[in-house]
Structures are given as C-alpha cells and as structure tokens.
file start_11.txt (compact mmCIF, C-alpha atoms)
# COMPACT_ATOMS: atom_id res chain seq x y z
CA MET A 1 13.08 9.79 -24.45
CA GLU A 2 9.69 8.38 -25.25
CA LYS A 3 6.80 10.75 -24.76
CA ASP A 4 3.43 9.47 -23.73
CA HIS A 5 1.63 12.77 -23.77
CA ASP A 6 1.30 15.38 -26.43
CA PRO A 7 2.29 18.67 -24.81
CA GLY A 8 0.16 20.54 -27.32
CA SER A 9 -3.00 18.76 -26.37
CA ALA A 10 -5.04 18.76 -23.18
CA TRP A 11 -5.51 15.03 -23.62
CA PRO A 12 -2.88 12.32 -23.44
CA THR A 13 -2.62 10.17 -26.52
CA PRO A 14 -2.20 6.54 -25.48
CA ASN A 15 -1.30 5.33 -28.96
CA LYS A 16 1.88 7.45 -28.96
CA GLY A 17 3.24 5.82 -25.81
CA GLY A 18 2.56 2.38 -27.25
CA LEU A 19 2.89 -0.50 -24.82
CA LYS A 20 3.88 1.66 -21.84
CA ALA A 21 0.75 3.78 -22.26
CA GLU A 22 -1.39 0.67 -22.51
CA ILE A 23 0.21 -0.71 -19.34
CA ALA A 24 -0.32 2.67 -17.63
CA ALA A 25 -4.01 2.69 -18.60
CA ALA A 26 -4.50 -0.87 -17.36
CA ALA A 27 -2.57 -0.14 -14.15
CA ALA A 28 -4.62 3.03 -13.59
CA TYR A 29 -7.76 0.91 -13.67
CA LEU A 30 -6.28 -1.44 -11.04
CA ILE A 31 -5.30 1.46 -8.80
CA ALA A 32 -8.56 3.39 -9.12
CA GLU A 33 -10.97 0.47 -8.98
CA GLU A 34 -9.18 -2.14 -6.91
CA GLY A 35 -6.87 -0.14 -4.69
CA LEU A 36 -3.59 -1.68 -5.83
CA ASP A 37 -0.41 0.23 -5.10
CA TYR A 38 1.61 1.59 -8.02
CA ALA A 39 4.28 -1.13 -8.05
CA SER A 40 1.80 -4.03 -7.89
CA ALA A 41 -0.52 -2.43 -10.43
CA LYS A 42 2.34 -1.91 -12.91
CA ARG A 43 3.52 -5.50 -12.61
CA LYS A 44 0.04 -6.95 -12.86
CA ALA A 45 -0.90 -4.73 -15.77
CA TYR A 46 2.35 -5.64 -17.54
CA THR A 47 1.68 -9.34 -17.11
CA ARG A 48 -1.89 -9.06 -18.32
CA VAL A 49 -1.19 -6.73 -21.24
CA THR A 50 1.87 -8.59 -22.53
CA GLY A 51 0.87 -12.07 -21.45
CA GLY A 52 4.33 -12.24 -19.87
CA ARG A 53 3.32 -14.42 -16.95
CA GLY A 54 6.24 -15.97 -15.15
CA HIS A 55 8.81 -13.67 -16.72
CA ARG A 56 10.78 -11.12 -14.78
CA VAL A 57 9.38 -7.66 -15.45
CA SER A 58 11.97 -5.27 -16.76
CA HIS A 59 11.86 -1.85 -15.10
CA GLU A 60 12.39 -0.16 -18.47
CA ALA A 61 9.24 -1.77 -19.83
CA LEU A 62 7.05 -0.13 -17.22
CA PRO A 63 5.61 3.39 -17.20
CA SER A 64 7.11 5.89 -14.75
CA ASN A 65 5.23 6.78 -11.57
CA GLU A 66 4.57 10.24 -13.01
CA ASP A 67 3.01 8.78 -16.15
CA LEU A 68 1.00 6.34 -14.09
CA GLU A 69 -0.24 9.11 -11.82
CA GLN A 70 -1.40 10.98 -14.90
CA ALA A 71 -3.14 7.85 -16.17
CA VAL A 72 -4.92 7.52 -12.80
CA ARG A 73 -6.04 11.15 -13.07
CA ASP A 74 -7.30 10.52 -16.60
CA TYR A 75 -9.17 7.42 -15.49
CA GLN A 76 -10.70 9.16 -12.49
CA SER A 77 -11.73 12.20 -14.52
CA ILE A 78 -13.63 9.98 -16.95
CA PHE A 79 -14.97 7.15 -14.84
CA GLN A 80 -15.00 8.43 -11.25
CA SER A 81 -15.66 12.14 -11.61
CA GLU A 82 -18.89 11.88 -9.64
CA HIS A 83 -17.46 10.57 -6.39
CA GLN A 84 -13.63 10.59 -6.42
CA PRO A 85 -13.12 14.33 -5.71
CA ALA A 86 -15.52 14.15 -2.74
CA ARG A 87 -13.80 11.02 -1.42
CA CYS A 88 -10.41 12.70 -1.73
CA SER A 89 -11.67 15.77 0.14
CA THR A 90 -13.12 13.59 2.89
CA LEU A 91 -9.79 11.81 3.32
CA ARG A 92 -7.97 15.12 3.35
CA LYS A 93 -10.23 16.45 6.09
CA LYS A 94 -9.81 13.32 8.18
CA ALA A 95 -6.04 13.41 7.66
CA LEU A 96 -5.99 17.05 8.75
CA GLU A 97 -7.87 16.20 11.95
CA LEU A 98 -5.33 13.50 12.72
CA MET A 99 -2.42 15.79 11.93
CA ARG A 100 -3.83 18.44 14.26
CA LEU A 101 -4.04 15.85 17.01
CA LEU A 102 -0.44 14.77 16.36
CA ALA A 103 0.88 18.33 15.92
CA GLU A 104 3.68 17.90 18.47
CA PHE A 105 5.15 15.07 16.36
CA SER A 106 5.52 17.23 13.21
CA PRO A 107 3.22 15.13 11.02
CA MET A 108 3.22 15.36 7.24
CA VAL A 109 0.72 13.72 4.94
CA THR A 110 1.93 11.91 1.85
CA GLY A 111 0.69 9.81 -1.05
CA ALA A 112 -2.57 10.01 -2.97
CA ILE A 113 -4.11 12.49 -0.52
CA VAL A 114 -1.44 15.00 -1.49
CA ASN A 115 -1.51 14.46 -5.25
CA GLY A 116 -5.31 14.36 -5.34
CA THR A 117 -5.77 10.84 -6.67
CA ALA A 118 -7.03 9.38 -3.37
CA GLY A 119 -10.11 7.27 -3.96
CA GLU A 120 -12.36 4.64 -2.51
CA HIS A 121 -9.53 2.29 -1.56
CA SER A 122 -7.05 4.87 -0.29
CA ASP A 123 -5.81 5.08 3.27
CA ILE A 124 -4.26 7.94 5.24
CA HIS A 125 -0.46 7.92 5.15
CA LEU A 126 1.35 10.20 7.57
CA GLN A 127 5.00 10.61 8.37
CA CYS A 128 5.96 11.95 11.78
CA PHE A 129 9.41 13.31 12.50
CA VAL A 130 10.39 12.59 16.06
CA ASP A 131 13.40 10.92 17.64
CA ASN A 132 11.41 9.02 20.22
CA ALA A 133 8.99 6.74 18.36
CA LYS A 134 7.71 5.32 21.64
CA ALA A 135 6.44 8.75 22.65
CA LEU A 136 4.01 8.66 19.75
CA GLY A 137 2.73 5.24 20.82
CA ILE A 138 2.24 6.47 24.37
CA PHE A 139 0.50 9.60 23.12
CA LEU A 140 -1.97 7.51 21.09
CA LEU A 141 -2.54 5.25 24.07
CA ASN A 142 -3.35 8.28 26.22
CA GLN A 143 -5.84 9.35 23.56
CA ASN A 144 -7.48 5.90 23.76
CA ILE A 145 -6.42 5.15 20.21
CA LYS A 146 -5.38 1.54 19.73
CA SER A 147 -2.28 1.26 17.58
CA ASP A 148 -0.38 -1.69 16.12
CA ALA A 149 3.35 -1.52 15.53
CA ALA A 150 4.75 -2.28 12.08
CA SER A 151 7.93 -1.81 10.05
CA LEU A 152 7.82 0.07 6.76
CA PRO A 153 10.44 0.50 4.05
CA HIS A 154 12.32 3.81 4.37
CA ASN A 155 11.34 6.36 1.75
CA ARG A 156 14.98 6.48 0.62
CA LYS A 157 16.39 3.35 -0.95
CA GLY A 158 19.13 1.60 0.98
CA GLN A 159 18.05 2.99 4.35
CA PRO A 160 16.90 0.68 7.16
CA PRO A 161 13.13 0.24 7.64
CA VAL A 162 11.30 2.69 9.86
CA GLU A 163 8.88 2.10 12.69
CA ALA A 164 5.23 2.70 12.02
CA LEU A 165 1.94 2.63 13.85
CA VAL A 166 -1.28 1.47 12.24
CA ILE A 167 -4.50 2.90 13.62
CA GLN A 168 -8.16 3.22 12.75
CA TRP A 169 -9.01 6.90 12.47
CA MET A 170 -12.52 8.17 11.79
CA GLY A 171 -13.33 4.92 10.03
CA GLU A 172 -10.19 4.94 7.89
CA LEU A 173 -6.96 3.01 8.09
CA ALA A 174 -4.15 5.39 8.96
CA VAL A 175 -0.49 4.43 8.74
CA ILE A 176 1.89 6.68 10.67
CA ALA A 177 5.55 6.16 9.77
CA VAL A 178 8.05 7.52 12.26
CA TYR A 179 11.22 9.13 10.90
CA PRO A 180 14.05 10.75 12.85
CA GLU A 181 13.63 14.48 13.38
CA VAL A 182 16.67 15.19 11.22
CA ASP A 183 14.79 13.90 8.14
CA ALA A 184 12.10 16.58 8.45
CA ARG A 185 14.01 19.16 6.42
CA GLY A 186 14.47 16.86 3.45
CA ALA A 187 10.80 15.88 3.62
CA ARG A 188 9.78 19.46 2.90
CA ARG A 189 11.76 19.65 -0.30
CA PRO A 190 10.04 19.18 -3.65
CA ASP A 191 10.88 16.14 -5.75
CA ALA A 192 12.72 16.11 -9.08
CA THR A 193 9.58 17.28 -10.87
CA GLY A 194 9.28 20.29 -8.54
CA ARG A 195 6.24 18.98 -6.70
CA LEU A 196 5.88 18.55 -2.94
CA GLN A 197 5.44 14.91 -1.99
CA ARG A 198 4.41 15.76 1.56
CA LEU A 199 2.38 18.49 3.20
CA ASP A 200 2.33 19.64 6.78
CA CYS A 201 -0.81 20.87 8.57
CA ALA A 202 -0.60 24.33 7.03
CA GLY A 203 -0.04 22.91 3.55
CA LEU A 204 -3.00 20.55 3.80
CA GLU A 205 -5.21 23.30 5.23
CA ALA A 206 -4.26 25.50 2.31
CA LEU A 207 -5.13 22.71 -0.12
CA LEU A 208 -8.53 22.24 1.50
CA GLN A 209 -9.19 25.98 1.68
CA GLN A 210 -8.67 26.20 -2.06
CA SER A 211 -11.84 24.16 -2.35
CA GLY A 212 -13.49 25.91 0.60
CA LEU A 213 -13.48 22.84 2.81
CA ALA A 214 -11.05 23.57 5.63
CA GLN A 215 -11.99 24.82 9.07
CA PRO A 216 -8.80 26.50 10.29
CA ASN A 217 -8.02 25.53 13.83
CA PRO A 218 -7.16 28.71 15.76
CA SER A 219 -5.80 26.76 18.71
CA LEU A 220 -2.95 25.45 16.62
CA ASN A 221 -0.41 27.47 14.80
CA PRO A 222 1.40 25.06 12.49
CA PRO A 223 4.61 26.23 10.86
CA GLU A 224 4.43 27.75 7.41
CA GLN A 225 4.78 25.24 4.58
CA LYS A 226 7.70 26.24 2.41
CA ARG A 227 6.78 26.11 -1.24
CA PRO A 228 9.21 26.02 -4.11
CA MET B 1 -12.91 23.92 -41.92
CA THR B 2 -12.17 26.75 -39.48
CA LYS B 3 -9.21 26.64 -37.12
CA ASN B 4 -11.52 26.35 -34.11
CA SER B 5 -13.58 23.50 -35.50
CA ARG B 6 -10.36 21.69 -36.48
CA ARG B 7 -9.08 22.03 -32.90
CA SER B 8 -12.38 20.73 -31.56
CA LEU B 9 -12.19 17.76 -33.90
CA ILE B 10 -8.62 16.98 -32.73
CA ALA B 11 -9.67 17.26 -29.08
CA ILE B 12 -12.70 15.00 -29.61
CA THR B 13 -10.57 12.45 -31.51
CA ALA B 14 -7.98 12.50 -28.71
CA LEU B 15 -10.71 12.05 -26.11
CA ILE B 16 -12.22 9.10 -27.96
CA THR B 17 -8.75 7.55 -28.36
CA LEU B 18 -8.12 7.95 -24.64
CA ILE B 19 -11.45 6.38 -23.67
CA ILE B 20 -10.85 3.46 -26.05
CA GLY B 21 -7.31 3.02 -24.66
CA ILE B 22 -8.53 2.91 -21.09
CA ALA B 23 -11.45 0.65 -21.97
CA ILE B 24 -9.10 -1.81 -23.71
CA GLY B 25 -6.78 -1.74 -20.69
CA ALA B 26 -9.69 -2.32 -18.30
CA TRP B 27 -11.06 -5.09 -20.50
CA ARG B 28 -7.73 -6.87 -20.59
CA ILE B 29 -7.50 -6.81 -16.83
CA GLN B 30 -9.82 -9.31 -15.30
CA PRO B 31 -11.20 -8.37 -11.88
CA ASN B 32 -8.52 -8.70 -9.22
CA VAL B 33 -8.40 -12.00 -7.37
CA SER B 34 -10.65 -11.24 -4.45
CA VAL B 35 -8.93 -11.20 -1.10
CA ALA B 36 -11.80 -13.38 0.11
CA SER B 37 -10.70 -16.11 -2.30
CA ALA B 38 -7.04 -17.05 -1.98
CA GLU B 39 -7.25 -20.69 -3.01
CA TRP B 40 -4.20 -20.10 -5.21
CA ILE B 41 -2.00 -20.00 -2.12
CA PHE B 42 -2.24 -23.81 -1.84
CA GLY B 43 -0.50 -24.10 -5.19
CA LEU B 44 2.64 -22.34 -3.94
CA SER B 45 5.75 -23.84 -2.44
CA PHE B 46 8.51 -22.13 -0.47
CA PRO B 47 11.83 -23.36 0.93
CA ASN B 48 12.31 -23.81 4.64
CA PRO B 49 15.48 -22.27 6.17
CA ASN B 50 17.43 -25.40 5.09
CA GLY B 51 16.39 -24.85 1.50
CA GLU B 52 13.96 -27.78 1.31
CA PRO B 53 10.79 -26.98 -0.63
CA THR B 54 7.64 -26.98 1.46
CA PRO B 55 4.34 -26.93 -0.41
CA MET B 56 1.60 -24.72 0.95
CA ALA B 57 -0.80 -27.48 -0.12
CA SER B 58 -0.21 -28.98 3.32
CA ALA B 59 -2.32 -26.13 4.70
CA ARG B 60 -5.33 -27.17 2.62
CA GLY B 61 -8.14 -28.50 4.78
CA ARG B 62 -6.89 -26.63 7.84
CA LEU B 63 -7.47 -23.27 9.43
CA THR B 64 -4.16 -21.54 8.78
CA VAL B 65 -2.69 -18.39 10.24
CA VAL B 66 -0.39 -17.01 7.54
CA ASN B 67 2.07 -14.58 9.07
CA PHE B 68 4.41 -12.45 6.94
CA TRP B 69 7.48 -11.36 8.84
CA ALA B 70 11.17 -10.46 8.56
CA THR B 71 14.16 -10.63 10.85
CA TRP B 72 14.69 -6.86 10.46
CA CYS B 73 11.14 -6.06 11.62
CA PRO B 74 11.03 -5.67 15.45
CA PRO B 75 7.23 -5.98 15.84
CA CYS B 76 7.35 -9.17 13.73
CA VAL B 77 9.91 -10.78 16.00
CA GLU B 78 8.02 -9.57 19.06
CA GLU B 79 4.82 -11.39 18.08
CA MET B 80 6.50 -14.69 17.17
CA PRO B 81 6.43 -16.29 20.66
CA GLU B 82 2.67 -15.66 20.78
CA LEU B 83 2.16 -17.23 17.35
CA SER B 84 4.29 -20.14 18.47
CA LEU B 85 2.11 -20.63 21.52
CA ILE B 86 -1.07 -20.66 19.41
CA HIS B 87 0.45 -23.17 16.98
CA ALA B 88 1.65 -25.49 19.74
CA GLU B 89 -1.68 -25.37 21.50
CA MET B 90 -4.02 -25.62 18.51
CA SER B 91 -2.09 -27.70 16.03
CA SER B 92 -3.89 -30.83 17.19
CA LYS B 93 -7.21 -29.03 16.55
CA ASN B 94 -6.28 -28.51 12.91
CA VAL B 95 -5.25 -24.88 13.38
CA LYS B 96 -1.77 -24.17 12.09
CA VAL B 97 0.49 -21.16 11.91
CA VAL B 98 2.94 -20.68 9.06
CA GLY B 99 5.50 -17.89 8.98
CA LEU B 100 6.49 -16.54 5.57
CA ALA B 101 9.74 -14.61 5.76
CA VAL B 102 10.08 -11.58 3.50
CA ASP B 103 13.79 -11.89 3.99
CA SER B 104 16.95 -13.54 2.71
CA PRO B 105 17.57 -17.26 3.34
CA SER B 106 20.81 -16.45 5.18
CA ASN B 107 19.09 -14.00 7.55
CA VAL B 108 16.38 -16.55 8.31
CA ARG B 109 18.91 -19.38 8.82
CA GLU B 110 20.88 -17.24 11.24
CA PHE B 111 17.68 -16.28 13.02
CA VAL B 112 16.40 -19.82 13.51
CA GLU B 113 19.75 -20.87 14.92
CA LYS B 114 19.13 -18.44 17.78
CA HIS B 115 15.37 -18.72 18.17
CA ARG B 116 13.11 -21.75 18.29
CA PHE B 117 9.45 -21.60 17.38
CA SER B 118 6.88 -24.36 17.12
CA TYR B 119 5.51 -23.34 13.72
CA PRO B 120 7.15 -23.72 10.31
CA LEU B 121 9.08 -20.76 8.95
CA LEU B 122 9.41 -20.60 5.18
CA VAL B 123 11.46 -18.17 3.09
CA VAL B 124 9.51 -16.16 0.53
CA GLY B 125 12.08 -13.44 -0.07
CA ALA B 126 11.33 -10.04 -1.54
CA SER B 127 8.34 -11.35 -3.48
CA GLY B 128 6.63 -11.94 -0.14
CA ALA B 129 5.62 -8.28 -0.01
CA GLU B 130 3.69 -8.80 -3.24
CA LEU B 131 2.17 -12.01 -1.92
CA ALA B 132 1.05 -10.26 1.28
CA LYS B 133 -0.62 -7.61 -0.86
CA LYS B 134 -2.43 -10.30 -2.81
CA LEU B 135 -3.68 -11.60 0.52
CA GLY B 136 -4.99 -8.15 1.39
CA ASN B 137 -2.09 -6.24 2.97
CA ARG B 138 -2.65 -2.55 2.27
CA ILE B 139 0.24 -0.96 4.11
CA ASP B 140 3.37 -2.09 2.24
CA GLY B 141 4.85 -3.03 5.58
CA LEU B 142 5.24 -5.87 8.06
CA PRO B 143 4.05 -7.81 9.95
CA TYR B 144 0.91 -8.92 8.15
CA THR B 145 -1.29 -11.77 9.31
CA ALA B 146 -4.20 -13.45 7.54
CA LEU B 147 -6.47 -16.23 8.74
CA VAL B 148 -7.16 -18.56 5.83
CA ASP B 149 -9.81 -21.25 6.10
CA GLU B 150 -9.80 -24.84 4.85
CA LYS B 151 -10.85 -23.76 1.35
CA GLY B 152 -8.47 -20.84 1.03
CA VAL B 153 -10.91 -18.11 1.99
CA VAL B 154 -9.31 -15.21 3.86
CA LEU B 155 -11.48 -14.75 6.92
CA LYS B 156 -9.46 -12.21 8.87
CA LYS B 157 -6.48 -10.01 8.18
CA LYS B 158 -4.35 -7.59 10.09
CA ALA B 159 -1.53 -5.22 9.25
CA GLY B 160 0.79 -4.53 12.16
CA ARG B 161 1.65 -6.45 15.29
CA ILE B 162 -0.97 -8.99 16.26
CA ARG B 163 -1.61 -10.06 19.85
CA GLU B 164 -2.33 -13.52 21.15
CA GLU B 165 -5.80 -12.50 22.42
CA GLU B 166 -6.78 -11.11 19.04
CA LEU B 167 -5.66 -14.24 17.26
CA ARG B 168 -7.55 -16.40 19.76
CA SER B 169 -10.68 -14.35 19.23
CA TRP B 170 -10.31 -14.72 15.41
CA ILE B 171 -10.06 -18.49 15.78
CA SER B 172 -12.91 -18.81 18.26
CA GLU B 173 -15.13 -16.75 15.96
CA VAL B 174 -14.79 -19.27 13.16
CA ARG B 175 -14.48 -22.44 15.20
call {"tool": "encode", "arguments": {"input": "start_11.txt", "output": "structure tokens"}}
result
Amino acid sequence: MEKDHDPGSAWPTPNKGGLKAEIAAAAAYLIAEEGLDYASAKRKAYTRVTGGRGHRVSHEALPSNEDLEQAVRDYQSIFQSEHQPARCSTLRKKALELMRLLAEFSPMVTGAIVNGTAGEHSDIHLQCFVDNAKALGIFLLNQNIKSDAASLPHNRKGQPPVEALVIQWMGELAVIAVYPEVDARGARRPDATGRLQRLDCAGLEALLQQSGLAQPNPSLNPPEQKRP
Amino acid sequence: MTKNSRRSLIAITALITLIIGIAIGAWRIQPNVSVASAEWIFGLSFPNPNGEPTPMASARGRLTVVNFWATWCPPCVEEMPELSLIHAEMSSKNVKVVGLAVDSPSNVREFVEKHRFSYPLLVVGASGAELAKKLGNRIDGLPYTALVDEKGVVLKKKAGRIREEELRSWISEVR
C-alpha cells in the first residue's frame, strides 16, 4: 500500500505520495478556503491537477478521506492557525447548545466539528435518533425555530435516504438528520481507524472542556459517551 | 553534524517541502467558480423524461427557478405543486421554473406518468448532486432551489423544502 506520510517524521512528505498527495494538498485548499465537501474537492482537485477534464475519475486515483483530512489539518495548521481553532471552538459551542435543546431526541454531532477541521465555511451537522421524525419538527416549531424538510443520503451505503431538517441556529446553518432509534448503538461505535465519528452531548462537552471552553449544563444529565 | 542538528535539518526540509507542495496545489487550483456567477449553467443540456436533450440555454435571458429534486425525496415531491403554480402563473412574465431530477430516467418517467406539472422536468442523474453543490448547495441533500437571473447570477438559494410564499417573495424582490 502506498504511504503518503513518513511515520518517523512529524511532517507529511507530499513528494512520497506522488500524485495522490498533490491531489490531497489541492483538495485541502478547496475544503479549507472554499468550503467544498470532501468528494467534490477530490474530484475538482483531480481534474485540475491532472488536467483530466471530462474523464471519469477513478476512485483509486484519489486520496482516502483519512489522508485528505490530514492534508486539511496540515493546511489549516500552516495557513489558518490564527483563526481556524477559534472558529472550530465557536461551532462546537453552538452545536452543544443545540444538542442540549434537542436532548430528548438523542442528538449526536458529526463531521468537521468532531474531527476538529471545522472552519469558516463549515456548518453544524447533527444526527438525531428517534422513531418519530415529525416529533422533532413539532418540537422545533414549539421553540419558534423555523425548519425546512430535506432528504439526505443515509450514512450507510445502500440504505434509503433519511429525513432531515435544516434550520438556522445562532447564525449558523444546522442540518439535523433523523435516523431510527435502533441506529443509535451503531452510531456510537468507532470507525475502522478506531476514531469516533460522532459525539453525544457528554462527548462534545468533554472535547470543549479539554480546551476550557465548555459550561456544563447541570440541568441536563446526558448519557456517558462510550469511548473505545 | 550532531544528531540533533541533523534531525532539525530533516524537519525543516520536510516543512519546506510540505509548504511548497501545498502552495503548488493551491496555485494549480484557480478560485472556485463563485456561486454568484453561474453563467456556465446555460451551456449545459439535460434529457427530458422522454430522453430528448433540452439545452439550459433556453433559460438565458429569463429569471429561472432551478429546483433539484428526486422521486425518492418526500419534501421535494411535496413542493412540486407550488413550483408548478408559480411557473404557470409567471411564465408569461419571463419567470420560469425548471426541475432537475437527481434520479434515474426510469424513476422520473414513471413519476411523470402519474403526476403532471406545468414546468419542465429534466433528468440530471447522480451528477445532479455535484451540480447543486456548484450552484451553492451546502447540505449534500435535497431539495435545493436557486433563483438564477437573466445573466446566470445566483440571486437566492435554499436547501430544504421551499414554500410558495418564499418563492414569491424572492421573485418580487428582484422584479
């Protein structure tokens, strides 16, 4: 397997990964500066780097999500170190507030807020685990929060799309995907690399407290986040 | 050279290599096509449910509501009668609605056999998700609606179900 990073060095070495590393670096720029999602950034970076416009992009030619995430971290640490960590913390705090409000729907936060690469263009992505999606809509309505219904791809391939609600929350776009309650257990499991892809209230509070930013809410007692 | 200074030299070299790598990548990528300028959309063509190519160039010179939808997306289907009403009412005032289906041709064909709408429905397929993103969709989901002016400038955009009143207020703001 091709290695893009030298395990003996604190710094990745783009020349070793060749084309994939170059695509990852270019895609990282698109994600960090222009807010593209991983899939779009990879394809666009591939086209621009290889000049392969109009050709079908082979999956094998693209860097993995893990490598791309690392490239985004590298980019942010060099070019956005002054404001990205603060922006990520702000989004985490706002996400936590929303999760506290939605506590009865077992919310979990996912995406760049969890892995720490959230930046200027990032939104809040939550997943709620409840069998009655309408109840969430009614709850938001009762809170005077305007929501718009949408359909999102399921986080597991081959599964039917899930319902989602799009809201404005503390000046941010927040997308709340609604999964059946039975999926909650699987959502707490770490991925193949051993990392948690989602955090519940307690997990996000813990993450914020590590940097001294959380204000624990004594009125809520969220369940313990199981860690691997 | 001591072991420590050699390590420092390797680290500095690696850092410089990384910065150069990223800089080359960034240099190769031109700034993203601004969502505010989507003139390129007029150069595209998509088949209607019967498979006949329909150029988006026909939207040039008009205020166009571009709506991304799919048959498997309940909120998309829910908003279609309202879009249809807007199209029927405002078509003569040079305001058109076009529905771009992020779906298979067979699904769309089956759908239009059961439902009639006043506005054209074209089949974009899976690449429609990418196209919606290029037009400013940030949520990786449907529906997504953008109001594109005569020159291809995206004036308004919305992820999630749109309501007739909101669409009317978009149009009245620019008309």
call {"tool": "atom_distance", "arguments": {"input": "start_11.txt", "atom1": "atom CA of A:Glu163", "atom2": "atom CA of A:Ala177"}}
result
6.0 Å
call {"tool": "interface_residues", "arguments": {"input": "start_11.txt", "of": "chain A", "to": "chain B", "cutoff": "6 Å", "atoms": "all atoms listed in the file", "output": "PyMOL selection string"}}
result
chain A and resi 25-26+29+148-152
call {"tool": "residues_around", "arguments": {"input": "start_11.txt", "residues": "stretch 54-65 of chain B", "least_positions_apart": "6", "cutoff": "7 Å", "atoms": "all atoms listed in the file", "output": "list in words"}}
result
Ile41, Phe42, Gly43, Leu44, Ser45, Phe46, Pro47, Asn48, Asn94, Val95, Lys96, Val97, Val98, Thr145, Ala146, Leu147, Val148, Asp149, Glu150 and Lys151 of chain B
call {"tool": "atom_distance", "arguments": {"input": "start_11.txt", "atom1": "atom CA of B:Ser104", "atom2": "atom CA of B:Leu122"}}
result
10.6 Å
call {"tool": "residues_around", "arguments": {"input": "start_11.txt", "residues": "A:Thr110", "least_positions_apart": "5", "cutoff": "12 Å", "atoms": "all atoms listed in the file", "output": "ChimeraX atom specification"}}
result
/A:91-92,95-96,99,115-118,122-128,155,174-177,187-188,195-201,203-204
call {"tool": "residues_around", "arguments": {"input": "start_11.txt", "residues": "A:Glu181", "least_positions_apart": "4", "cutoff": "7 Å", "atoms": "all atoms listed in the file", "output": "list in words"}}
result
Phe129, Val130 and Asp131 of chain A
call {"tool": "closest_residue", "arguments": {"input": "start_11.txt", "among": "B:Pro105, B:Gly152, B:Gly99, B:Pro81", "to": "B:Asn50", "atoms": "only C-alpha atoms"}}
result
B:Pro105
call {"tool": "atom_distance", "arguments": {"input": "start_11.txt", "atom1": "atom CA of A:Val166", "atom2": "atom CA of A:Pro180"}}
result
17.9 Å
call {"tool": "residues_around", "arguments": {"input": "start_11.txt", "residues": "A:Ser89", "least_positions_apart": "3", "cutoff": "10 Å", "atoms": "all atoms listed in the file", "output": "PyMOL selection string"}}
result
chain A and resi 84-86+92-95+113+116+118-119+207-208+211+213-214
call {"tool": "closest_residue", "arguments": {"input": "start_11.txt", "among": "B:Thr71, B:Leu167, B:Val77, B:Arg6", "to": "B:Met90", "atoms": "only C-alpha atoms"}}
result
B:Leu167
call {"tool": "residues_near_point", "arguments": {"input": "start_11.txt", "point": "(16.8, -19.4, 14.4)", "cutoff": "12 Å", "atoms": "all atoms listed in the file", "output": "PDB file with C-alpha atoms, in the frame of the given file"}}
result
ATOM      1  CA  ASN B  48      12.310 -23.810   4.640  1.00  0.00           C
ATOM      2  CA  PRO B  49      15.480 -22.270   6.170  1.00  0.00           C
ATOM      3  CA  ASN B  50      17.430 -25.400   5.090  1.00  0.00           C
ATOM      4  CA  THR B  71      14.160 -10.630  10.850  1.00  0.00           C
ATOM      5  CA  VAL B  77       9.910 -10.780  16.000  1.00  0.00           C
ATOM      6  CA  MET B  80       6.500 -14.690  17.170  1.00  0.00           C
ATOM      7  CA  PRO B 105      17.570 -17.260   3.340  1.00  0.00           C
ATOM      8  CA  SER B 106      20.810 -16.450   5.180  1.00  0.00           C
ATOM      9  CA  ASN B 107      19.090 -14.000   7.550  1.00  0.00           C
ATOM     10  CA  VAL B 108      16.380 -16.550   8.310  1.00  0.00           C
ATOM     11  CA  ARG B 109      18.910 -19.380   8.820  1.00  0.00           C
ATOM     12  CA  GLU B 110      20.880 -17.240  11.240  1.00  0.00           C
ATOM     13  CA  PHE B 111      17.680 -16.280  13.020  1.00  0.00           C
ATOM     14  CA  VAL B 112      16.400 -19.820  13.510  1.00  0.00           C
ATOM     15  CA  GLU B 113      19.750 -20.870  14.920  1.00  0.00           C
ATOM     16  CA  LYS B 114      19.130 -18.440  17.780  1.00  0.00           C
ATOM     17  CA  HIS B 115      15.370 -18.720  18.170  1.00  0.00           C
ATOM     18  CA  ARG B 116      13.110 -21.750  18.290  1.00  0.00           C
ATOM     19  CA  PHE B 117       9.450 -21.600  17.380  1.00  0.00           C
ATOM     20  CA  SER B 118       6.880 -24.360  17.120  1.00  0.00           C
ATOM     21  CA  TYR B 119       5.510 -23.340  13.720  1.00  0.00           C
ATOM     22  CA  PRO B 120       7.150 -23.720  10.310  1.00  0.00           C
ATOM     23  CA  LEU B 121       9.080 -20.760   8.950  1.00  0.00           C
ATOM     24  CA  LEU B 122       9.410 -20.600   5.180  1.00  0.00           C
TER      25      LEU B 122
END
call {"tool": "decode", "arguments": {"input": "start_11.txt", "residues": "stretch 140-165 of chain A", "atoms": "C-alpha atoms", "output": "PDB file, in the first residue's frame"}}
result
ATOM      1  CA  LEU A 140     -38.715  22.943  16.743  1.00  0.00           C
ATOM      2  CA  LEU A 141     -41.960  24.644  15.816  1.00  0.00           C
ATOM      3  CA  ASN A 142     -42.858  24.949  19.501  1.00  0.00           C
ATOM      4  CA  GLN A 143     -39.447  26.519  20.081  1.00  0.00           C
ATOM      5  CA  ASN A 144     -40.210  29.072  17.327  1.00  0.00           C
ATOM      6  CA  ILE A 145     -37.425  27.648  15.197  1.00  0.00           C
ATOM      7  CA  LYS A 146     -38.292  27.587  11.511  1.00  0.00           C
ATOM      8  CA  SER A 147     -37.206  24.364   9.872  1.00  0.00           C
ATOM      9  CA  ASP A 148     -37.201  23.139   6.277  1.00  0.00           C
ATOM     10  CA  ALA A 149     -37.576  19.467   5.460  1.00  0.00           C
ATOM     11  CA  ALA A 150     -34.984  17.747   3.281  1.00  0.00           C
ATOM     12  CA  SER A 151     -33.799  14.250   2.346  1.00  0.00           C
ATOM     13  CA  LEU A 152     -30.193  13.242   2.963  1.00  0.00           C
ATOM     14  CA  PRO A 153     -28.259  10.170   1.880  1.00  0.00           C
ATOM     15  CA  HIS A 154     -28.083   7.523   4.629  1.00  0.00           C
ATOM     16  CA  ASN A 155     -24.681   7.272   6.263  1.00  0.00           C
ATOM     17  CA  ARG A 156     -24.546   3.602   5.229  1.00  0.00           C
ATOM     18  CA  LYS A 157     -24.372   2.865   1.534  1.00  0.00           C
ATOM     19  CA  GLY A 158     -27.373   1.121   0.026  1.00  0.00           C
ATOM     20  CA  GLN A 159     -29.790   2.349   2.684  1.00  0.00           C
ATOM     21  CA  PRO A 160     -32.751   4.578   1.778  1.00  0.00           C
ATOM     22  CA  PRO A 161     -32.342   8.341   2.324  1.00  0.00           C
ATOM     23  CA  VAL A 162     -33.197   9.779   5.712  1.00  0.00           C
ATOM     24  CA  GLU A 163     -35.355  12.732   6.645  1.00  0.00           C
ATOM     25  CA  ALA A 164     -33.610  15.887   7.716  1.00  0.00           C
ATOM     26  CA  LEU A 165     -34.460  19.337   8.972  1.00  0.00           C
TER      27      LEU A 165
END
